[in-house]
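What's in coords_31.pdb: PDB, C-alpha atoms
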ATOM      1  CA  MET B1041    -295.433 -71.327 -62.006
ATOM      2  CA  ASN B1042    -292.746 -71.100 -64.650
ATOM      3  CA  THR B1043    -289.712 -69.239 -63.266
ATOM      4  CA  ASP B1044    -288.646 -68.162 -66.755
ATOM      5  CA  GLN B1045    -291.560 -65.749 -66.984
ATOM      6  CA  LEU B1046    -291.393 -62.104 -66.048
ATOM      7  CA  THR B1047    -293.698 -60.696 -63.410
ATOM      8  CA  ASN B1048    -296.793 -58.731 -64.397
ATOM      9  CA  ASN B1049    -294.907 -55.429 -64.434
ATOM     10  CA  GLY B1050    -292.170 -56.801 -66.736
ATOM     11  CA  THR B1051    -289.339 -57.068 -64.197
ATOM     12  CA  ILE B1052    -287.345 -60.110 -63.201
ATOM     13  CA  PRO B1053    -288.214 -61.371 -59.689
ATOM     14  CA  ALA B1054    -285.580 -60.582 -57.060
ATOM     15  CA  TYR B1055    -284.799 -64.243 -56.385
ATOM     16  CA  LEU B1056    -283.960 -64.731 -60.071
ATOM     17  CA  ASN B1057    -281.990 -61.508 -60.338
ATOM     18  CA  GLU B1058    -279.672 -62.158 -57.371
ATOM     19  CA  GLY B1059    -276.891 -63.640 -59.465
ATOM     20  CA  LEU B1060    -277.092 -60.802 -61.973
ATOM     21  CA  THR B1061    -276.731 -57.834 -59.622
ATOM     22  CA  PRO B1062    -273.265 -56.396 -59.106
ATOM     23  CA  MET B1063    -271.824 -56.487 -55.618
ATOM     24  CA  SER B1064    -272.266 -53.428 -53.500
ATOM     25  CA  LEU B1065    -269.186 -51.434 -52.593
ATOM     26  CA  ASN B1066    -269.292 -52.742 -49.014
ATOM     27  CA  GLU B1067    -269.475 -56.344 -50.190
ATOM     28  CA  GLU B1068    -266.554 -55.775 -52.528
ATOM     29  CA  LEU B1069    -264.489 -54.198 -49.731
ATOM     30  CA  VAL B1070    -265.303 -57.106 -47.421
ATOM     31  CA  ARG B1071    -264.258 -59.577 -50.118
ATOM     32  CA  ILE B1072    -260.964 -57.733 -50.621
ATOM     33  CA  ARG B1073    -260.284 -57.622 -46.869
ATOM     34  CA  ILE B1074    -260.968 -61.337 -46.543
ATOM     35  CA  GLN B1075    -258.551 -62.062 -49.392
ATOM     36  CA  GLU B1076    -255.898 -59.840 -47.786
ATOM     37  CA  ALA B1077    -256.388 -61.577 -44.433
ATOM     38  CA  GLN B1078    -256.034 -64.977 -46.091
ATOM     39  CA  ARG B1079    -252.882 -63.846 -47.897
ATOM     40  CA  PHE B1080    -251.433 -62.463 -44.643
ATOM     41  CA  ALA B1081    -252.249 -65.710 -42.798
ATOM     42  CA  GLU B1082    -250.519 -67.744 -45.505
ATOM     43  CA  GLU B1083    -247.433 -65.510 -45.301
ATOM     44  CA  GLN B1084    -247.387 -65.911 -41.507
ATOM     45  CA  ARG B1085    -247.624 -69.711 -41.817
ATOM     46  CA  LEU B1086    -244.736 -69.660 -44.283
ATOM     47  CA  ALA B1087    -242.635 -67.436 -41.996
ATOM     48  CA  ASN B1088    -243.361 -69.699 -39.023
ATOM     49  CA  ARG B1089    -242.355 -72.781 -41.003
ATOM     50  CA  LEU B1090    -239.104 -71.087 -42.028
ATOM     51  CA  ALA B1091    -238.317 -70.059 -38.435
ATOM     52  CA  SER B1092    -239.085 -73.577 -37.231
ATOM     53  CA  ALA B1093    -236.807 -75.096 -39.871
ATOM     54  CA  GLN B1094    -234.005 -72.736 -38.848
ATOM     55  CA  ARG B1095    -234.433 -73.664 -35.168
ATOM     56  CA  TRP B1096    -234.304 -77.383 -35.959
ATOM     57  CA  ARG B1097    -231.225 -76.853 -38.163
ATOM     58  CA  ARG B1098    -229.429 -75.020 -35.317
ATOM     59  CA  LEU B1099    -230.427 -77.727 -32.844
ATOM     60  CA  SER B1100    -229.208 -80.419 -35.235
ATOM     61  CA  ARG B1101    -225.824 -78.726 -35.649
ATOM     62  CA  TRP B1102    -225.506 -78.307 -31.871
ATOM     63  CA  ALA B1103    -226.425 -81.961 -31.285
ATOM     64  CA  GLY B1104    -223.901 -83.045 -33.921
ATOM     65  CA  ARG B1105    -221.109 -81.026 -32.296
ATOM     66  CA  ARG B1106    -222.041 -82.361 -28.862
ATOM     67  CA  ALA B1107    -222.111 -85.958 -30.117
ATOM     68  CA  ALA B1108    -218.706 -85.446 -31.767
ATOM     69  CA  ARG B1109    -217.204 -84.300 -28.447
ATOM     70  CA  PHE B1110    -218.289 -87.499 -26.706
ATOM     71  CA  ASP B1111    -217.446 -89.802 -29.593
ATOM     72  CA  LEU B1112    -214.404 -91.855 -28.737
TER      73      LEU B1112
END
Using structure tokens, write down the structure from this file.
Amino acid sequence: MNTDQLTNNGTIPAYLNEGLTPMSLNEELVRIRIQEAQRFAEEQRLANRLASAQRWRRLSRWAGRRAARFDL
């Protein structure tokens, strides 16, 4: 059967029309929520990396001061 043909009643079969139908409102809302969740997760990862860098910087300064005290 040639998939380019229309059905007997002149409509496009559902399996061919899937890519042409607009998303439902629920699907669109789900897509938006997923994007927001991904954006939030990325912001959290960035914030965690910043906090980690600050902790290591403080520890490095403390270790440097401590080493300087014992340096003869």
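Note that the spacing between atom CA of B:Arg1101 and atom CA of B:Ala1087 amounts to 21.2 Å.
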Let me have the centre and edge lengths of the axis-aligned box enclosing all listed atoms of stretch 1070-1080 of chain B with 5 Å padding on every side, in Å to one decimal, as AutoDock Vina command-line options.
--center_x -258.4 --center_y -61.0 --center_z -47.5 --size_x 23.9 --size_y 17.9 --size_z 16.2
Distance of atom CA of B:Leu1086 from atom CA of B:Trp1102, expressed in Å to one decimal place: 24.5 Å
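Atom CA of B:Ala1091 is positioned 29.0 Å from atom CA of B:Phe1110.
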Could you add the missing atoms to stretch 1066-1093 of chain B, up to N, CA and C atoms, and return them as a CSV table (one decimal), in the frame of the given file?
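Listing of part.csv after writing:
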chain,number,residue,atom,x,y,z
B,1066,ASN,N,-269.6,-52.1,-50.3
B,1066,ASN,CA,-269.3,-52.7,-49.0
B,1066,ASN,C,-269.0,-54.2,-49.2
B,1067,GLU,N,-269.7,-54.9,-50.0
B,1067,GLU,CA,-269.5,-56.3,-50.2
B,1067,GLU,C,-268.1,-56.5,-50.9
B,1068,GLU,N,-267.8,-55.7,-51.8
B,1068,GLU,CA,-266.6,-55.8,-52.5
B,1068,GLU,C,-265.4,-55.5,-51.6
B,1069,LEU,N,-265.5,-54.5,-50.7
B,1069,LEU,CA,-264.5,-54.2,-49.7
B,1069,LEU,C,-264.3,-55.4,-48.8
B,1070,VAL,N,-265.4,-56.0,-48.3
B,1070,VAL,CA,-265.3,-57.1,-47.4
B,1070,VAL,C,-264.6,-58.2,-48.1
B,1071,ARG,N,-264.9,-58.5,-49.4
B,1071,ARG,CA,-264.3,-59.6,-50.1
B,1071,ARG,C,-262.8,-59.3,-50.2
B,1072,ILE,N,-262.4,-58.1,-50.5
B,1072,ILE,CA,-261.0,-57.7,-50.6
B,1072,ILE,C,-260.3,-57.9,-49.3
B,1073,ARG,N,-260.9,-57.5,-48.2
B,1073,ARG,CA,-260.3,-57.6,-46.9
B,1073,ARG,C,-260.1,-59.1,-46.5
B,1074,ILE,N,-261.1,-59.9,-46.8
B,1074,ILE,CA,-261.0,-61.3,-46.5
B,1074,ILE,C,-259.8,-61.9,-47.3
B,1075,GLN,N,-259.7,-61.6,-48.6
B,1075,GLN,CA,-258.6,-62.1,-49.4
B,1075,GLN,C,-257.2,-61.6,-48.8
B,1076,GLU,N,-257.1,-60.3,-48.4
B,1076,GLU,CA,-255.9,-59.8,-47.8
B,1076,GLU,C,-255.6,-60.6,-46.5
B,1077,ALA,N,-256.6,-60.8,-45.7
B,1077,ALA,CA,-256.4,-61.6,-44.4
B,1077,ALA,C,-255.9,-63.0,-44.7
B,1078,GLN,N,-256.5,-63.6,-45.7
B,1078,GLN,CA,-256.0,-65.0,-46.1
B,1078,GLN,C,-254.6,-65.0,-46.6
B,1079,ARG,N,-254.3,-64.0,-47.4
B,1079,ARG,CA,-252.9,-63.8,-47.9
B,1079,ARG,C,-251.9,-63.6,-46.7
B,1080,PHE,N,-252.3,-62.7,-45.8
B,1080,PHE,CA,-251.4,-62.5,-44.6
B,1080,PHE,C,-251.3,-63.7,-43.8
B,1081,ALA,N,-252.3,-64.5,-43.6
B,1081,ALA,CA,-252.2,-65.7,-42.8
B,1081,ALA,C,-251.3,-66.7,-43.5
B,1082,GLU,N,-251.4,-66.8,-44.8
B,1082,GLU,CA,-250.5,-67.7,-45.5
B,1082,GLU,C,-249.1,-67.3,-45.4
B,1083,GLU,N,-248.8,-66.0,-45.5
B,1083,GLU,CA,-247.4,-65.5,-45.3
B,1083,GLU,C,-246.9,-65.8,-43.9
B,1084,GLN,N,-247.8,-65.6,-42.9
B,1084,GLN,CA,-247.4,-65.9,-41.5
B,1084,GLN,C,-247.1,-67.4,-41.3
B,1085,ARG,N,-247.9,-68.3,-41.9
B,1085,ARG,CA,-247.6,-69.7,-41.8
B,1085,ARG,C,-246.3,-70.0,-42.5
B,1086,LEU,N,-246.0,-69.4,-43.6
B,1086,LEU,CA,-244.7,-69.7,-44.3
B,1086,LEU,C,-243.6,-69.2,-43.4
B,1087,ALA,N,-243.7,-68.0,-42.8
B,1087,ALA,CA,-242.6,-67.4,-42.0
B,1087,ALA,C,-242.4,-68.3,-40.8
B,1088,ASN,N,-243.5,-68.8,-40.2
B,1088,ASN,CA,-243.4,-69.7,-39.0
B,1088,ASN,C,-242.7,-71.0,-39.4
B,1089,ARG,N,-243.0,-71.5,-40.6
B,1089,ARG,CA,-242.4,-72.8,-41.0
B,1089,ARG,C,-240.9,-72.6,-41.2
B,1090,LEU,N,-240.5,-71.4,-41.8
B,1090,LEU,CA,-239.1,-71.1,-42.0
B,1090,LEU,C,-238.4,-71.0,-40.7
B,1091,ALA,N,-238.9,-70.2,-39.7
B,1091,ALA,CA,-238.3,-70.1,-38.4
B,1091,ALA,C,-238.2,-71.4,-37.7
B,1092,SER,N,-239.2,-72.3,-37.8
B,1092,SER,CA,-239.1,-73.6,-37.2
B,1092,SER,C,-238.0,-74.4,-37.9
B,1093,ALA,N,-237.9,-74.4,-39.2
B,1093,ALA,CA,-236.8,-75.1,-39.9
B,1093,ALA,C,-235.4,-74.6,-39.4
